[in-house]
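Chemist: Data: model-v2.cif, mmCIF, N, CA and C atoms.
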data_entry
#
loop_
_atom_site.label_atom_id
_atom_site.label_comp_id
_atom_site.auth_asym_id
_atom_site.auth_seq_id
_atom_site.Cartn_x
_atom_site.Cartn_y
_atom_site.Cartn_z
N MET A 1 13.81 74.10 -240.94
CA MET A 1 12.43 74.42 -241.21
C MET A 1 11.68 74.56 -239.89
N THR A 2 10.72 75.43 -239.89
CA THR A 2 9.89 75.59 -238.70
C THR A 2 8.91 74.43 -238.60
N ARG A 3 8.38 74.24 -237.42
CA ARG A 3 7.41 73.16 -237.19
C ARG A 3 6.19 73.35 -238.10
N LYS A 4 5.76 74.60 -238.26
CA LYS A 4 4.60 74.89 -239.10
C LYS A 4 4.87 74.51 -240.56
N ALA A 5 6.07 74.81 -241.03
CA ALA A 5 6.43 74.47 -242.41
C ALA A 5 6.46 72.96 -242.62
N VAL A 6 6.94 72.23 -241.62
CA VAL A 6 6.98 70.77 -241.73
C VAL A 6 5.55 70.21 -241.78
N ILE A 7 4.67 70.75 -240.94
CA ILE A 7 3.27 70.29 -240.93
C ILE A 7 2.61 70.56 -242.28
N ILE A 8 2.83 71.75 -242.82
CA ILE A 8 2.26 72.09 -244.14
C ILE A 8 2.83 71.16 -245.21
N SER A 9 4.14 70.88 -245.15
CA SER A 9 4.76 69.97 -246.11
C SER A 9 4.16 68.58 -246.03
N ARG A 10 3.89 68.12 -244.81
CA ARG A 10 3.31 66.78 -244.65
C ARG A 10 1.88 66.72 -245.17
N ILE A 11 1.13 67.78 -244.96
CA ILE A 11 -0.24 67.84 -245.49
C ILE A 11 -0.20 67.84 -247.01
N LEU A 12 0.69 68.64 -247.60
CA LEU A 12 0.83 68.68 -249.06
C LEU A 12 1.26 67.31 -249.61
N PHE A 13 2.16 66.65 -248.90
CA PHE A 13 2.63 65.33 -249.34
C PHE A 13 1.49 64.32 -249.30
N ALA A 14 0.68 64.36 -248.23
CA ALA A 14 -0.47 63.46 -248.12
C ALA A 14 -1.47 63.71 -249.25
N LEU A 15 -1.76 64.98 -249.53
CA LEU A 15 -2.66 65.33 -250.63
C LEU A 15 -2.08 64.87 -251.97
N TYR A 16 -0.79 65.05 -252.13
CA TYR A 16 -0.12 64.61 -253.35
C TYR A 16 -0.28 63.10 -253.55
N ILE A 17 -0.11 62.32 -252.48
CA ILE A 17 -0.25 60.87 -252.58
C ILE A 17 -1.68 60.49 -252.99
N VAL A 18 -2.67 61.18 -252.44
CA VAL A 18 -4.07 60.92 -252.79
C VAL A 18 -4.30 61.22 -254.28
N VAL A 19 -3.81 62.36 -254.75
CA VAL A 19 -3.96 62.73 -256.16
C VAL A 19 -3.20 61.75 -257.05
N LEU A 20 -2.01 61.35 -256.63
CA LEU A 20 -1.22 60.39 -257.39
C LEU A 20 -1.99 59.07 -257.54
N ALA A 21 -2.57 58.59 -256.46
CA ALA A 21 -3.36 57.35 -256.51
C ALA A 21 -4.56 57.51 -257.45
N PHE A 22 -5.22 58.67 -257.36
CA PHE A 22 -6.36 58.92 -258.24
C PHE A 22 -5.93 58.91 -259.71
N LEU A 23 -4.82 59.58 -260.01
CA LEU A 23 -4.35 59.63 -261.41
C LEU A 23 -3.89 58.27 -261.90
N CYS A 24 -3.29 57.49 -261.02
CA CYS A 24 -2.79 56.18 -261.44
C CYS A 24 -3.89 55.13 -261.60
N PHE A 25 -4.95 55.23 -260.78
CA PHE A 25 -5.95 54.17 -260.77
C PHE A 25 -7.33 54.63 -261.21
N GLY A 26 -7.49 55.91 -261.54
CA GLY A 26 -8.78 56.39 -262.01
C GLY A 26 -9.11 55.86 -263.39
N ASN A 27 -10.39 55.77 -263.67
CA ASN A 27 -10.86 55.33 -264.98
C ASN A 27 -11.23 56.58 -265.77
N PHE A 28 -10.39 56.93 -266.73
CA PHE A 28 -10.58 58.15 -267.50
C PHE A 28 -11.02 57.89 -268.93
N SER A 29 -11.61 56.73 -269.18
CA SER A 29 -12.00 56.37 -270.54
C SER A 29 -13.14 57.24 -271.07
N SER A 30 -13.90 57.87 -270.19
CA SER A 30 -15.04 58.67 -270.65
C SER A 30 -14.69 60.12 -270.96
N ILE A 31 -13.46 60.55 -270.68
CA ILE A 31 -13.11 61.94 -270.97
C ILE A 31 -12.47 62.04 -272.35
N GLN A 32 -12.45 63.25 -272.87
CA GLN A 32 -11.88 63.48 -274.19
C GLN A 32 -10.39 63.16 -274.19
N GLN A 33 -9.93 62.56 -275.26
CA GLN A 33 -8.53 62.17 -275.37
C GLN A 33 -7.63 63.38 -275.51
N ALA A 34 -6.49 63.32 -274.86
CA ALA A 34 -5.47 64.37 -274.96
C ALA A 34 -4.69 64.15 -276.26
N PRO A 35 -3.91 65.14 -276.66
CA PRO A 35 -3.07 64.92 -277.85
C PRO A 35 -2.17 63.70 -277.64
N LYS A 36 -1.89 62.99 -278.71
CA LYS A 36 -1.07 61.78 -278.62
C LYS A 36 0.36 62.07 -278.20
N THR A 37 0.90 63.22 -278.65
CA THR A 37 2.28 63.57 -278.31
C THR A 37 2.37 65.02 -277.86
N ILE A 38 3.38 65.28 -277.06
CA ILE A 38 3.74 66.64 -276.65
C ILE A 38 5.21 66.81 -277.00
N LEU A 39 5.47 67.68 -277.97
CA LEU A 39 6.83 67.89 -278.47
C LEU A 39 7.47 66.58 -278.93
N GLY A 40 6.67 65.72 -279.53
CA GLY A 40 7.17 64.45 -280.05
C GLY A 40 7.27 63.34 -279.03
N ILE A 41 6.96 63.63 -277.76
CA ILE A 41 7.01 62.62 -276.69
C ILE A 41 5.58 62.17 -276.42
N PRO A 42 5.34 60.86 -276.31
CA PRO A 42 3.98 60.40 -276.01
C PRO A 42 3.44 61.10 -274.76
N SER A 43 2.23 61.64 -274.87
CA SER A 43 1.67 62.46 -273.78
C SER A 43 1.53 61.69 -272.47
N ASP A 44 1.25 60.39 -272.54
CA ASP A 44 1.12 59.65 -271.29
C ASP A 44 2.46 59.54 -270.56
N LYS A 45 3.56 59.54 -271.30
CA LYS A 45 4.89 59.51 -270.66
C LYS A 45 5.19 60.86 -270.00
N VAL A 46 4.77 61.95 -270.63
CA VAL A 46 4.94 63.28 -270.04
C VAL A 46 4.15 63.35 -268.74
N VAL A 47 2.93 62.82 -268.75
CA VAL A 47 2.10 62.83 -267.55
C VAL A 47 2.76 62.02 -266.43
N HIS A 48 3.28 60.84 -266.76
CA HIS A 48 3.96 60.03 -265.75
C HIS A 48 5.17 60.76 -265.19
N PHE A 49 5.94 61.39 -266.05
CA PHE A 49 7.10 62.17 -265.60
C PHE A 49 6.67 63.26 -264.62
N LEU A 50 5.64 64.01 -264.99
CA LEU A 50 5.16 65.11 -264.15
C LEU A 50 4.52 64.62 -262.85
N MET A 51 3.91 63.45 -262.88
CA MET A 51 3.29 62.92 -261.66
C MET A 51 4.34 62.58 -260.60
N PHE A 52 5.49 62.09 -261.02
CA PHE A 52 6.49 61.65 -260.05
C PHE A 52 7.59 62.67 -259.79
N LEU A 53 7.65 63.74 -260.55
CA LEU A 53 8.65 64.79 -260.31
C LEU A 53 8.57 65.37 -258.90
N PRO A 54 7.37 65.68 -258.36
CA PRO A 54 7.31 66.27 -257.02
C PRO A 54 7.54 65.29 -255.87
N PHE A 55 7.48 63.98 -256.14
CA PHE A 55 7.56 63.00 -255.05
C PHE A 55 8.79 63.19 -254.16
N PRO A 56 10.01 63.20 -254.72
CA PRO A 56 11.16 63.33 -253.83
C PRO A 56 11.21 64.68 -253.10
N ILE A 57 10.79 65.72 -253.76
CA ILE A 57 10.83 67.06 -253.16
C ILE A 57 9.87 67.13 -251.97
N LEU A 58 8.63 66.74 -252.18
CA LEU A 58 7.65 66.79 -251.09
C LEU A 58 7.99 65.81 -249.97
N SER A 59 8.48 64.66 -250.32
CA SER A 59 8.87 63.68 -249.31
C SER A 59 10.03 64.21 -248.47
N TYR A 60 11.02 64.75 -249.12
CA TYR A 60 12.20 65.29 -248.44
C TYR A 60 11.81 66.43 -247.50
N LEU A 61 10.95 67.31 -247.99
CA LEU A 61 10.50 68.43 -247.15
C LEU A 61 9.63 67.95 -245.99
N SER A 62 8.83 66.92 -246.21
CA SER A 62 7.92 66.41 -245.19
C SER A 62 8.65 65.86 -243.98
N PHE A 63 9.84 65.37 -244.20
CA PHE A 63 10.60 64.79 -243.10
C PHE A 63 11.75 65.69 -242.66
N ASP A 64 11.66 66.97 -243.04
CA ASP A 64 12.59 68.02 -242.60
C ASP A 64 14.05 67.60 -242.76
N CYS A 65 14.38 67.06 -243.90
CA CYS A 65 15.74 66.58 -244.12
C CYS A 65 16.74 67.70 -244.35
N PHE A 66 16.26 68.91 -244.61
CA PHE A 66 17.19 70.01 -244.83
C PHE A 66 17.93 70.41 -243.56
N SER A 67 17.38 70.08 -242.41
CA SER A 67 18.03 70.45 -241.16
C SER A 67 19.05 69.40 -240.71
N ARG A 68 19.21 68.34 -241.46
CA ARG A 68 20.13 67.27 -241.09
C ARG A 68 21.54 67.55 -241.59
N LYS A 69 22.49 66.82 -241.00
CA LYS A 69 23.87 66.89 -241.46
C LYS A 69 23.96 66.30 -242.86
N SER A 70 25.00 66.66 -243.58
CA SER A 70 25.15 66.22 -244.97
C SER A 70 25.15 64.70 -245.11
N SER A 71 25.81 63.99 -244.21
CA SER A 71 25.87 62.53 -244.33
C SER A 71 24.49 61.90 -244.19
N LYS A 72 23.70 62.40 -243.25
CA LYS A 72 22.34 61.89 -243.08
C LYS A 72 21.45 62.33 -244.23
N ALA A 73 21.69 63.52 -244.76
CA ALA A 73 20.90 64.01 -245.89
C ALA A 73 21.11 63.15 -247.12
N ILE A 74 22.33 62.69 -247.34
CA ILE A 74 22.62 61.83 -248.50
C ILE A 74 21.83 60.53 -248.39
N VAL A 75 21.83 59.95 -247.19
CA VAL A 75 21.06 58.72 -246.98
C VAL A 75 19.57 59.00 -247.20
N ALA A 76 19.08 60.14 -246.69
CA ALA A 76 17.67 60.50 -246.86
C ALA A 76 17.32 60.68 -248.34
N ILE A 77 18.21 61.27 -249.12
CA ILE A 77 17.98 61.48 -250.55
C ILE A 77 17.89 60.12 -251.26
N ILE A 78 18.80 59.22 -250.94
CA ILE A 78 18.79 57.90 -251.57
C ILE A 78 17.52 57.13 -251.19
N VAL A 79 17.17 57.16 -249.91
CA VAL A 79 15.97 56.46 -249.45
C VAL A 79 14.72 57.05 -250.10
N THR A 80 14.68 58.37 -250.21
CA THR A 80 13.54 59.03 -250.85
C THR A 80 13.38 58.57 -252.29
N PHE A 81 14.48 58.51 -253.03
CA PHE A 81 14.41 58.04 -254.42
C PHE A 81 13.94 56.59 -254.48
N LEU A 82 14.50 55.74 -253.61
CA LEU A 82 14.15 54.32 -253.63
C LEU A 82 12.68 54.09 -253.26
N VAL A 83 12.18 54.82 -252.27
CA VAL A 83 10.77 54.71 -251.90
C VAL A 83 9.90 55.15 -253.07
N GLY A 84 10.29 56.25 -253.74
CA GLY A 84 9.55 56.71 -254.91
C GLY A 84 9.55 55.67 -256.01
N ALA A 85 10.68 55.00 -256.21
CA ALA A 85 10.76 53.95 -257.23
C ALA A 85 9.86 52.77 -256.87
N ILE A 86 9.78 52.44 -255.59
CA ILE A 86 8.89 51.36 -255.14
C ILE A 86 7.43 51.76 -255.37
N VAL A 87 7.09 53.01 -255.07
CA VAL A 87 5.72 53.49 -255.30
C VAL A 87 5.41 53.44 -256.80
N ALA A 88 6.36 53.89 -257.63
CA ALA A 88 6.15 53.87 -259.08
C ALA A 88 5.96 52.44 -259.59
N ALA A 89 6.79 51.53 -259.14
CA ALA A 89 6.67 50.13 -259.56
C ALA A 89 5.34 49.54 -259.09
N SER A 90 4.96 49.88 -257.87
CA SER A 90 3.69 49.37 -257.32
C SER A 90 2.49 49.88 -258.11
N THR A 91 2.53 51.14 -258.50
CA THR A 91 1.41 51.68 -259.28
C THR A 91 1.34 51.01 -260.64
N GLU A 92 2.48 50.77 -261.26
CA GLU A 92 2.46 50.10 -262.57
C GLU A 92 1.95 48.67 -262.44
N LEU A 93 2.40 47.97 -261.42
CA LEU A 93 1.90 46.60 -261.20
C LEU A 93 0.42 46.61 -260.88
N GLY A 94 -0.01 47.57 -260.07
CA GLY A 94 -1.43 47.69 -259.73
C GLY A 94 -2.29 48.00 -260.94
N GLN A 95 -1.77 48.85 -261.82
CA GLN A 95 -2.53 49.17 -263.04
C GLN A 95 -2.71 47.94 -263.91
N GLY A 96 -1.74 47.06 -263.89
CA GLY A 96 -1.86 45.82 -264.66
C GLY A 96 -2.94 44.89 -264.13
N LEU A 97 -3.33 45.08 -262.88
CA LEU A 97 -4.36 44.24 -262.28
C LEU A 97 -5.77 44.76 -262.51
N THR A 98 -5.89 45.96 -263.06
CA THR A 98 -7.21 46.53 -263.33
C THR A 98 -7.66 46.16 -264.74
N ALA A 99 -8.96 46.21 -264.96
CA ALA A 99 -9.50 45.88 -266.28
C ALA A 99 -9.42 47.08 -267.24
N TYR A 100 -9.27 48.28 -266.71
CA TYR A 100 -9.33 49.50 -267.53
C TYR A 100 -7.99 50.21 -267.68
N ARG A 101 -6.94 49.71 -267.07
CA ARG A 101 -5.60 50.29 -267.20
C ARG A 101 -4.64 49.18 -267.61
N SER A 102 -3.44 49.57 -268.01
CA SER A 102 -2.44 48.57 -268.36
C SER A 102 -1.10 48.95 -267.73
N SER A 103 -0.28 47.97 -267.52
CA SER A 103 1.06 48.16 -266.98
C SER A 103 2.01 48.35 -268.16
N ASP A 104 2.91 49.33 -268.04
CA ASP A 104 3.82 49.63 -269.14
C ASP A 104 5.20 49.97 -268.57
N SER A 105 6.21 49.24 -269.00
CA SER A 105 7.57 49.49 -268.51
C SER A 105 8.07 50.88 -268.90
N HIS A 106 7.59 51.42 -270.03
CA HIS A 106 7.99 52.76 -270.43
C HIS A 106 7.39 53.82 -269.51
N ASP A 107 6.19 53.56 -268.99
CA ASP A 107 5.61 54.45 -267.99
C ASP A 107 6.48 54.46 -266.73
N PHE A 108 6.93 53.27 -266.32
CA PHE A 108 7.80 53.16 -265.15
C PHE A 108 9.10 53.93 -265.39
N LEU A 109 9.64 53.84 -266.58
CA LEU A 109 10.85 54.58 -266.91
C LEU A 109 10.61 56.09 -266.82
N ALA A 110 9.48 56.56 -267.32
CA ALA A 110 9.13 57.97 -267.22
C ALA A 110 8.98 58.38 -265.75
N ASP A 111 8.39 57.49 -264.93
CA ASP A 111 8.29 57.75 -263.49
C ASP A 111 9.68 57.92 -262.88
N LEU A 112 10.60 57.02 -263.23
CA LEU A 112 11.96 57.08 -262.69
C LEU A 112 12.70 58.34 -263.13
N ILE A 113 12.47 58.77 -264.36
CA ILE A 113 13.11 60.00 -264.83
C ILE A 113 12.58 61.19 -264.03
N GLY A 114 11.27 61.23 -263.78
CA GLY A 114 10.69 62.29 -262.95
C GLY A 114 11.27 62.25 -261.54
N LEU A 115 11.36 61.06 -260.96
CA LEU A 115 11.96 60.91 -259.63
C LEU A 115 13.41 61.38 -259.64
N GLY A 116 14.13 61.03 -260.69
CA GLY A 116 15.54 61.42 -260.80
C GLY A 116 15.71 62.92 -260.86
N LEU A 117 14.89 63.58 -261.67
CA LEU A 117 15.01 65.04 -261.77
C LEU A 117 14.61 65.70 -260.46
N GLY A 118 13.58 65.20 -259.79
CA GLY A 118 13.19 65.72 -258.49
C GLY A 118 14.32 65.55 -257.47
N THR A 119 15.00 64.41 -257.53
CA THR A 119 16.13 64.15 -256.64
C THR A 119 17.29 65.10 -256.93
N VAL A 120 17.54 65.36 -258.20
CA VAL A 120 18.59 66.33 -258.57
C VAL A 120 18.25 67.71 -258.02
N CYS A 121 16.98 68.09 -258.06
CA CYS A 121 16.56 69.38 -257.51
C CYS A 121 16.87 69.46 -256.01
N ILE A 122 16.65 68.36 -255.30
CA ILE A 122 16.96 68.33 -253.87
C ILE A 122 18.46 68.50 -253.65
N ILE A 123 19.26 67.78 -254.41
CA ILE A 123 20.72 67.84 -254.26
C ILE A 123 21.21 69.26 -254.53
N VAL A 124 20.73 69.86 -255.61
CA VAL A 124 21.14 71.24 -255.94
C VAL A 124 20.74 72.20 -254.83
N SER A 125 19.54 72.03 -254.31
CA SER A 125 19.07 72.89 -253.23
C SER A 125 19.91 72.70 -251.97
N LYS A 126 20.22 71.47 -251.67
CA LYS A 126 21.04 71.17 -250.49
C LYS A 126 22.43 71.78 -250.64
N LEU A 127 23.02 71.67 -251.83
CA LEU A 127 24.34 72.25 -252.06
C LEU A 127 24.29 73.78 -251.99
N ALA A 128 23.22 74.37 -252.52
CA ALA A 128 23.09 75.83 -252.47
C ALA A 128 22.97 76.31 -251.04
N ARG A 129 22.21 75.57 -250.22
CA ARG A 129 22.06 75.94 -248.81
C ARG A 129 23.37 75.81 -248.06
N LYS A 130 24.16 74.79 -248.44
CA LYS A 130 25.45 74.57 -247.79
C LYS A 130 26.42 75.70 -248.11
N GLN A 131 26.31 76.25 -249.33
CA GLN A 131 27.20 77.34 -249.75
C GLN A 131 26.94 78.61 -248.96
N ARG A 132 25.68 78.77 -248.52
CA ARG A 132 25.32 79.99 -247.76
C ARG A 132 25.82 79.85 -246.41
#
For this file, write the structure as structure tokens.

Modeler:
Amino acid sequence: MTRKAVIISRILFALYIVVLAFLCFGNFSSIQQAPKTILGIPSDKVVHFLMFLPFPILSYLSFDCFSRKSSKAIVAIIVTFLVGAIVAASTELGQGLTAYRSSDSHDFLADLIGLGLGTVCIIVSKLARKQR
């Protein structure tokens, strides 16, 4: 990646973290309620999945891991997932400390599934780049 692309990735990642914090800790009780389910899945779980899906991708791009050797990239992928899991756990624990949000283990599971799919996207992309 070029230096400019890395800088843009880092700015996007920083903005993503700000938006993630806002979505996790904002008080949205005054807005109209969303549908209870989306395709039979509770809508709040879909939101949690979508919130954490970009985390590994943006994190991986921010630290220019695509230019690394495969062995270092594997470590970077694992670390990226683990850091995302720590962020997800921290947000759930933090929500439990607020008066207007609650902590839910199913939300954490949805976060982990989003992180997992984002991580799979990185692996597929890395393998595709290696094939070229």

Chemist: Considering all atoms listed in the file, return as a list in words whatever protein or nucleic-acid residues lie within 8 Å of Leu117 (chain A), sequence-local ones (same chain, fewer than 4 positions apart) excluded.

Modeler: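 Counting all atoms listed in the file, the residues come to Phe52, Leu53, Pro54, Pro56, Ile57, Asp111, Leu112, Ile113, Cys121, Ile122 and Ile123 of chain A.
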
Chemist: Return as a VMD selection string the full set of residues in chain A whose backbone-based DSSP assignment is helix (DSSP H, G or I).

Modeler: chain A and resid 3 to 25 43 to 52 54 to 62 65 to 67 70 to 96 105 to 131

Chemist: Kindly indicate which residue among A:Ser29, A:Gly94, A:Val120, A:Leu58 lies nearest to Phe13 (chain A), using only N, CA and C atoms for the distances.

Modeler: A:Leu58

Chemist: Translate the PyMOL selection byres ((chain A and resi 74-81) around 7), as applied to the file shown, into an explicit residue set as a PyMOL selection string.

Modeler: chain A and resi 55-56+59-60+65+69-73+82-86+115-116+119

Chemist: At what distance in Å, to one decimal, does CA of Lys4 (chain A) lie from CA of Ser125 (chain A)?

Modeler: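 CA of Lys4 (chain A) lies 20.3 Å from CA of Ser125 (chain A).
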
Chemist: List every residue of chain A that DSSP, applied to the backbone of this structure, assigns to strand (DSSP E), and report them as a list in words.

Modeler: Thr37, Ile38, Ile41 and Pro42 of chain A

Chemist: Restricting the calculation to all atoms listed in the file, which member of A:Phe22, A:Phe49, A:Leu97, A:Val6 is positioned closest to Ala110 (chain A)?

Modeler: A:Phe49

Chemist: What is the distance between atom N of Gln131 (chain A) and atom N of Ser9 (chain A), in Å to one decimal?

Modeler: 23.2 Å

Chemist: Do you have the atom N of Asp104 (chain A)-atom N of Glu92 (chain A) distance handy?

Modeler: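 Straight-line distance from atom N of Asp104 (chain A) to atom N of Glu92 (chain A) works out to 6.9 Å.
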
Chemist: Could you pull the residues within 12 Å of Ile7 (chain A), counting only C-alpha atoms, minus those fewer than 6 positions along the same chain, as a PyMOL selection string?

Modeler: chain A and resi 1+13-14+58+61-64

Chemist: Smallest atom-to-atom distance to Ala89 (chain A): which of A:Asp107, A:Phe28, A:Ser102, A:Ser43, using only C-alpha atoms?

Modeler: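 Among A:Asp107, A:Phe28, A:Ser102, A:Ser43, it is A:Asp107 that comes nearest to Ala89 (chain A).
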